Amino acid sequence: MNVPMPARHLPRYEAQPSDAAQFDAWADPSRKRTGSGEQAPAADQRWSAPPGRPLGYRASTSSQGTPTTGPARPGFGDSAAQQNPRQEQPAAETSVPNQPAGYPAGQQNPQIGQEHPGSPANQPLGPNPYGPGANPGQHGAGQAGHQPGGFPANQGPYVGNGAGQPQPYGAPPQYGNPAAGQGNPPPSLDNVPVRRVQKAPGSGWRRAVHHMSGGAINPGMSAEERRLQELVARIRQPVRGDYRIAVLSLKGGVGKTTTTMNLGSIFASIRGDRVIAVDANPDFGTLSQRVPLQTRSTVRDLLLDEQIERYSDVRRHTSQATSRLEVLASERDPAASEAFSEDEYRAVARILQRFYNIILTDCGTGLMHSAMAGVLDLAHSLVLISSSAIDGARSAAATLDWLSLHGHDHLVRNAVVVINLPRPGSPNVGIQQLREYFLARCRAVHIIPFDQHLAEGAEIDLSRLHKTTKRALVELAATVADDFTTDHRRYRG
């Protein structure tokens, strides 16, 4: 049976003043002990660090007896002996007061008290409060005048800030590019490349290929689709204030009311802002019959309403089509409609221009009635309707002549002539010759082909139009919209 041996208490070793000299003599054979001091090393020998001590550091005492610890390299000490290790003066080794047990005299704890280059020299070290061999850097506290880890007070290890510049430990980090403030322009998000997804085709074989490949193959839009996008962009041009369009013709049955509805519907569906068509026909106009009737109010009711302060107050007097085009109907009593004068039309226009961006006026067949004078004075643009027959073309030409003679020559030069084809197939009159005639006097000429849906004379739905007819109406709207940016303030109204 093993009998445990009693624990032996070894006597604690206390550092003696002579131990430091013996240690230094053992570390450097070139030194010879001479009593209480030591002999300086030969001039041709360099100081070498003893085992377990940092290279280039030594423990000695100054002439006043203050222990110093520092590098033996030049430039890191204050005394002349530290500037040149070859001319070092001999110094007597003495014990350091309050030196912890376990370290020879003249040698400090390597974990504490090692001075950083640039720290104050000749500063004594206090006792280690953590016991022999303990590292205060591991407990978050250090000696007086030192930080944990052996760095001097108010000074720590230098870390980089990402731009090659040193930054003290514990200081707030410096972000950003320091070169931006040195004359170089700062970076901008405008220079970030963006790869935009190509828009998918909307019709034809391109759309079929894109759909069958699950979007992996995108042939892109055709030339026709790109042309349509250009037309839509022209229609969506901003309008300064309100823009008033007068649609007129001296001859009835040529598609004046239908053209007003079509043009207004294209504007309302593509632009998205408020567009309204006003029926100014004194002879029982039919504009309100082309939209779903939502109210029985007319222009007369709008004038009699004394509480028009916001858009909703006007909206209760109008009917709206599926394209979001609003229609203000005319008086249905022919006897009462004769009272619709120029002043009353101007009063209606002043109300509508506060809430609507585009105002279209469906004029009557006569040019001499009272309301027609107000319509022409306030109009910014004129759309003249003609048929492909000779009599219709002559009536349109007579209208242009009358306008030029009565002070509206600016409307003639800026007018857009619309030739409606009354039946399918090729007309009997040369359309090209008619086009050339009107182009010599007006801004543009557009041909609207025959459409079965428009020939019904009922409510108009753009989705039921033939694609050729709809494309011609879009081109007409784009031509009219090209005048949105023109300054019309020089004209009356």
# chains A, B, ... in the order shown; residues from 1 in each chain; ligands from 1
call {"tool": "residues_around", "arguments": {"residues": "A:Pro424", "least_positions_apart": "4", "cutoff": "10 Å", "atoms": "only C-alpha atoms", "output": "list in words"}}
result
Pro449, Phe450, Asp451 and Gln452 of chain A
call {"tool": "residues_around", "arguments": {"residues": "A:Cys363", "least_positions_apart": "5", "cutoff": "12 Å", "atoms": "only C-alpha atoms", "output": "PyMOL selection string"}}
result
chain A and resi 245-252+256-257+259-260+277-287+330+345+368-376+379+382-385
call {"tool": "closest_residue", "arguments": {"among": "A:Ala268, A:Val429, A:Leu189, A:Leu228", "to": "A:Leu462", "atoms": "only C-alpha atoms"}}
result
A:Ala268
call {"tool": "residues_around", "arguments": {"residues": "A:Asp273", "least_positions_apart": "6", "cutoff": "12 Å", "atoms": "only C-alpha atoms", "output": "list in words"}}
result
Ile235, Arg236, Gln237, Pro238, Val239, Asp242, Gly264, Ser265, Ile266, Phe267, Ser323, Arg324, Leu325, Glu326, Phe355, Tyr356, Asn357, Ile358 and Ile359 of chain A
call {"tool": "write_last_selection", "arguments": {"atoms": "all heavy atoms", "output": "compact mmCIF listing (two decimals), in the first residue's frame"}}
result
# COMPACT_ATOMS: atom_id res chain seq x y z
N ILE A 235 -46.90 61.82 -77.17
CA ILE A 235 -48.22 62.12 -76.61
C ILE A 235 -48.11 62.52 -75.15
O ILE A 235 -48.88 63.35 -74.65
CB ILE A 235 -49.15 60.90 -76.80
CG1 ILE A 235 -49.41 60.65 -78.29
CG2 ILE A 235 -50.46 61.09 -76.06
CD1 ILE A 235 -50.21 59.41 -78.57
N ARG A 236 -47.17 61.95 -74.44
CA ARG A 236 -47.03 62.22 -73.00
C ARG A 236 -46.21 63.46 -72.69
O ARG A 236 -45.77 63.64 -71.54
CB ARG A 236 -46.39 61.00 -72.33
CG ARG A 236 -47.33 59.79 -72.28
CD ARG A 236 -46.63 58.59 -71.70
NE ARG A 236 -47.56 57.46 -71.56
CZ ARG A 236 -47.19 56.23 -71.22
NH1 ARG A 236 -45.90 55.97 -71.00
NH2 ARG A 236 -48.08 55.26 -71.12
N GLN A 237 -45.99 64.30 -73.64
CA GLN A 237 -45.27 65.54 -73.36
C GLN A 237 -46.04 66.38 -72.35
O GLN A 237 -47.27 66.42 -72.38
CB GLN A 237 -45.07 66.34 -74.65
CG GLN A 237 -44.16 65.66 -75.67
CD GLN A 237 -43.97 66.53 -76.89
OE1 GLN A 237 -43.18 67.46 -76.89
NE2 GLN A 237 -44.73 66.23 -77.94
N PRO A 238 -45.33 67.03 -71.44
CA PRO A 238 -46.03 67.85 -70.44
C PRO A 238 -46.71 69.05 -71.06
O PRO A 238 -46.27 69.59 -72.07
CB PRO A 238 -44.91 68.27 -69.48
CG PRO A 238 -43.66 68.19 -70.30
CD PRO A 238 -43.86 67.05 -71.26
N VAL A 239 -47.80 69.46 -70.45
CA VAL A 239 -48.59 70.60 -70.90
C VAL A 239 -48.46 71.71 -69.87
O VAL A 239 -48.60 71.47 -68.66
CB VAL A 239 -50.07 70.22 -71.10
CG1 VAL A 239 -50.89 71.44 -71.51
CG2 VAL A 239 -50.21 69.12 -72.13
N ASP A 242 -53.23 74.65 -69.43
CA ASP A 242 -54.21 73.83 -70.13
C ASP A 242 -54.05 74.05 -71.63
O ASP A 242 -53.56 75.10 -72.07
CB ASP A 242 -55.63 74.16 -69.68
CG ASP A 242 -56.03 75.58 -70.07
OD1 ASP A 242 -55.40 76.53 -69.56
OD2 ASP A 242 -56.94 75.75 -70.90
N GLY A 264 -59.76 62.47 -77.98
CA GLY A 264 -59.77 62.62 -76.52
C GLY A 264 -59.52 61.31 -75.80
O GLY A 264 -58.85 61.29 -74.76
N SER A 265 -60.03 60.21 -76.32
CA SER A 265 -59.81 58.91 -75.68
C SER A 265 -58.35 58.49 -75.74
O SER A 265 -57.82 57.91 -74.78
CB SER A 265 -60.69 57.85 -76.35
OG SER A 265 -62.07 58.16 -76.21
N ILE A 266 -57.67 58.77 -76.85
CA ILE A 266 -56.24 58.44 -76.95
C ILE A 266 -55.45 59.26 -75.93
O ILE A 266 -54.58 58.73 -75.22
CB ILE A 266 -55.73 58.69 -78.38
CG1 ILE A 266 -56.37 57.71 -79.36
CG2 ILE A 266 -54.21 58.59 -78.43
CD1 ILE A 266 -55.98 56.26 -79.12
N PHE A 267 -55.73 60.53 -75.81
CA PHE A 267 -55.04 61.37 -74.84
C PHE A 267 -55.29 60.89 -73.42
O PHE A 267 -54.36 60.80 -72.61
CB PHE A 267 -55.49 62.83 -74.98
CG PHE A 267 -54.80 63.59 -76.08
CD1 PHE A 267 -55.52 64.38 -76.95
CD2 PHE A 267 -53.42 63.51 -76.23
CE1 PHE A 267 -54.88 65.07 -77.96
CE2 PHE A 267 -52.77 64.21 -77.24
CZ PHE A 267 -53.50 64.99 -78.11
N SER A 323 -62.11 54.97 -71.45
CA SER A 323 -60.75 55.47 -71.62
C SER A 323 -60.40 56.57 -70.63
O SER A 323 -59.31 57.14 -70.71
CB SER A 323 -60.57 56.00 -73.04
OG SER A 323 -61.47 57.08 -73.29
N ARG A 324 -61.31 56.90 -69.71
CA ARG A 324 -61.17 57.97 -68.72
C ARG A 324 -61.41 59.35 -69.32
O ARG A 324 -61.18 60.37 -68.66
CB ARG A 324 -59.80 57.94 -68.03
CG ARG A 324 -59.52 56.69 -67.23
CD ARG A 324 -58.19 56.75 -66.51
NE ARG A 324 -58.20 57.83 -65.52
CZ ARG A 324 -57.49 58.95 -65.64
NH1 ARG A 324 -56.78 59.17 -66.74
NH2 ARG A 324 -57.52 59.86 -64.70
N LEU A 325 -61.87 59.43 -70.54
CA LEU A 325 -62.25 60.71 -71.11
C LEU A 325 -63.58 61.15 -70.54
O LEU A 325 -64.55 60.38 -70.52
CB LEU A 325 -62.34 60.60 -72.64
CG LEU A 325 -62.91 61.83 -73.36
CD1 LEU A 325 -61.97 63.03 -73.23
CD2 LEU A 325 -63.20 61.51 -74.82
N GLU A 326 -63.65 62.40 -70.09
CA GLU A 326 -64.89 62.95 -69.55
C GLU A 326 -65.58 63.80 -70.62
O GLU A 326 -64.92 64.45 -71.44
CB GLU A 326 -64.60 63.79 -68.30
CG GLU A 326 -64.02 62.97 -67.15
CD GLU A 326 -63.78 63.81 -65.92
OE1 GLU A 326 -64.57 64.78 -65.70
OE2 GLU A 326 -62.82 63.54 -65.17
N PHE A 355 -59.17 72.69 -63.75
CA PHE A 355 -59.11 71.30 -63.30
C PHE A 355 -58.70 70.31 -64.38
O PHE A 355 -58.48 69.13 -64.06
CB PHE A 355 -60.49 70.88 -62.76
CG PHE A 355 -61.03 71.81 -61.71
CD1 PHE A 355 -62.05 72.70 -62.01
CD2 PHE A 355 -60.54 71.79 -60.42
CE1 PHE A 355 -62.58 73.55 -61.05
CE2 PHE A 355 -61.05 72.64 -59.45
CZ PHE A 355 -62.07 73.53 -59.76
N TYR A 356 -58.57 70.73 -65.63
CA TYR A 356 -58.27 69.80 -66.72
C TYR A 356 -57.05 70.29 -67.50
O TYR A 356 -56.83 71.49 -67.66
CB TYR A 356 -59.47 69.65 -67.67
CG TYR A 356 -60.67 69.02 -67.01
CD1 TYR A 356 -61.63 69.80 -66.35
CD2 TYR A 356 -60.86 67.64 -67.05
CE1 TYR A 356 -62.72 69.22 -65.75
CE2 TYR A 356 -61.96 67.06 -66.45
CZ TYR A 356 -62.89 67.84 -65.79
OH TYR A 356 -63.98 67.26 -65.18
N ASN A 357 -56.27 69.32 -67.98
CA ASN A 357 -55.06 69.63 -68.74
C ASN A 357 -55.35 69.85 -70.22
O ASN A 357 -54.74 70.72 -70.85
CB ASN A 357 -54.04 68.50 -68.57
CG ASN A 357 -53.68 68.26 -67.12
OD1 ASN A 357 -54.28 67.44 -66.45
ND2 ASN A 357 -52.69 68.98 -66.63
N ILE A 358 -56.24 69.04 -70.77
CA ILE A 358 -56.57 69.14 -72.20
C ILE A 358 -58.08 69.27 -72.32
O ILE A 358 -58.84 68.48 -71.74
CB ILE A 358 -56.07 67.90 -72.97
CG1 ILE A 358 -54.55 67.75 -72.84
CG2 ILE A 358 -56.46 67.98 -74.44
CD1 ILE A 358 -53.99 66.52 -73.49
N ILE A 359 -58.52 70.29 -73.08
CA ILE A 359 -59.95 70.56 -73.28
C ILE A 359 -60.22 70.52 -74.78
O ILE A 359 -59.65 71.31 -75.55
CB ILE A 359 -60.34 71.93 -72.70
CG1 ILE A 359 -60.00 71.99 -71.22
CG2 ILE A 359 -61.81 72.20 -72.93
CD1 ILE A 359 -60.21 73.37 -70.61
call {"tool": "closest_residue", "arguments": {"among": "A:Thr479, A:Thr485, A:Ser341, A:Thr258", "to": "A:Leu231", "atoms": "only C-alpha atoms"}}
result
A:Thr479
call {"tool": "residues_around", "arguments": {"residues": "A:Ile448", "least_positions_apart": "3", "cutoff": "7 Å", "atoms": "only C-alpha atoms", "output": "ChimeraX atom specification"}}
result
/A:419-421,469,472
call {"tool": "select_by_dssp", "arguments": {"residues": "stretch 219-460 of chain A", "states": "alpha helix (DSSP H)", "output": "PyMOL selection string"}}
result
chain A and resi 223-235+256-271+299-304+311-315+334-337+342-352+370-378+390-405+409-413+431-439
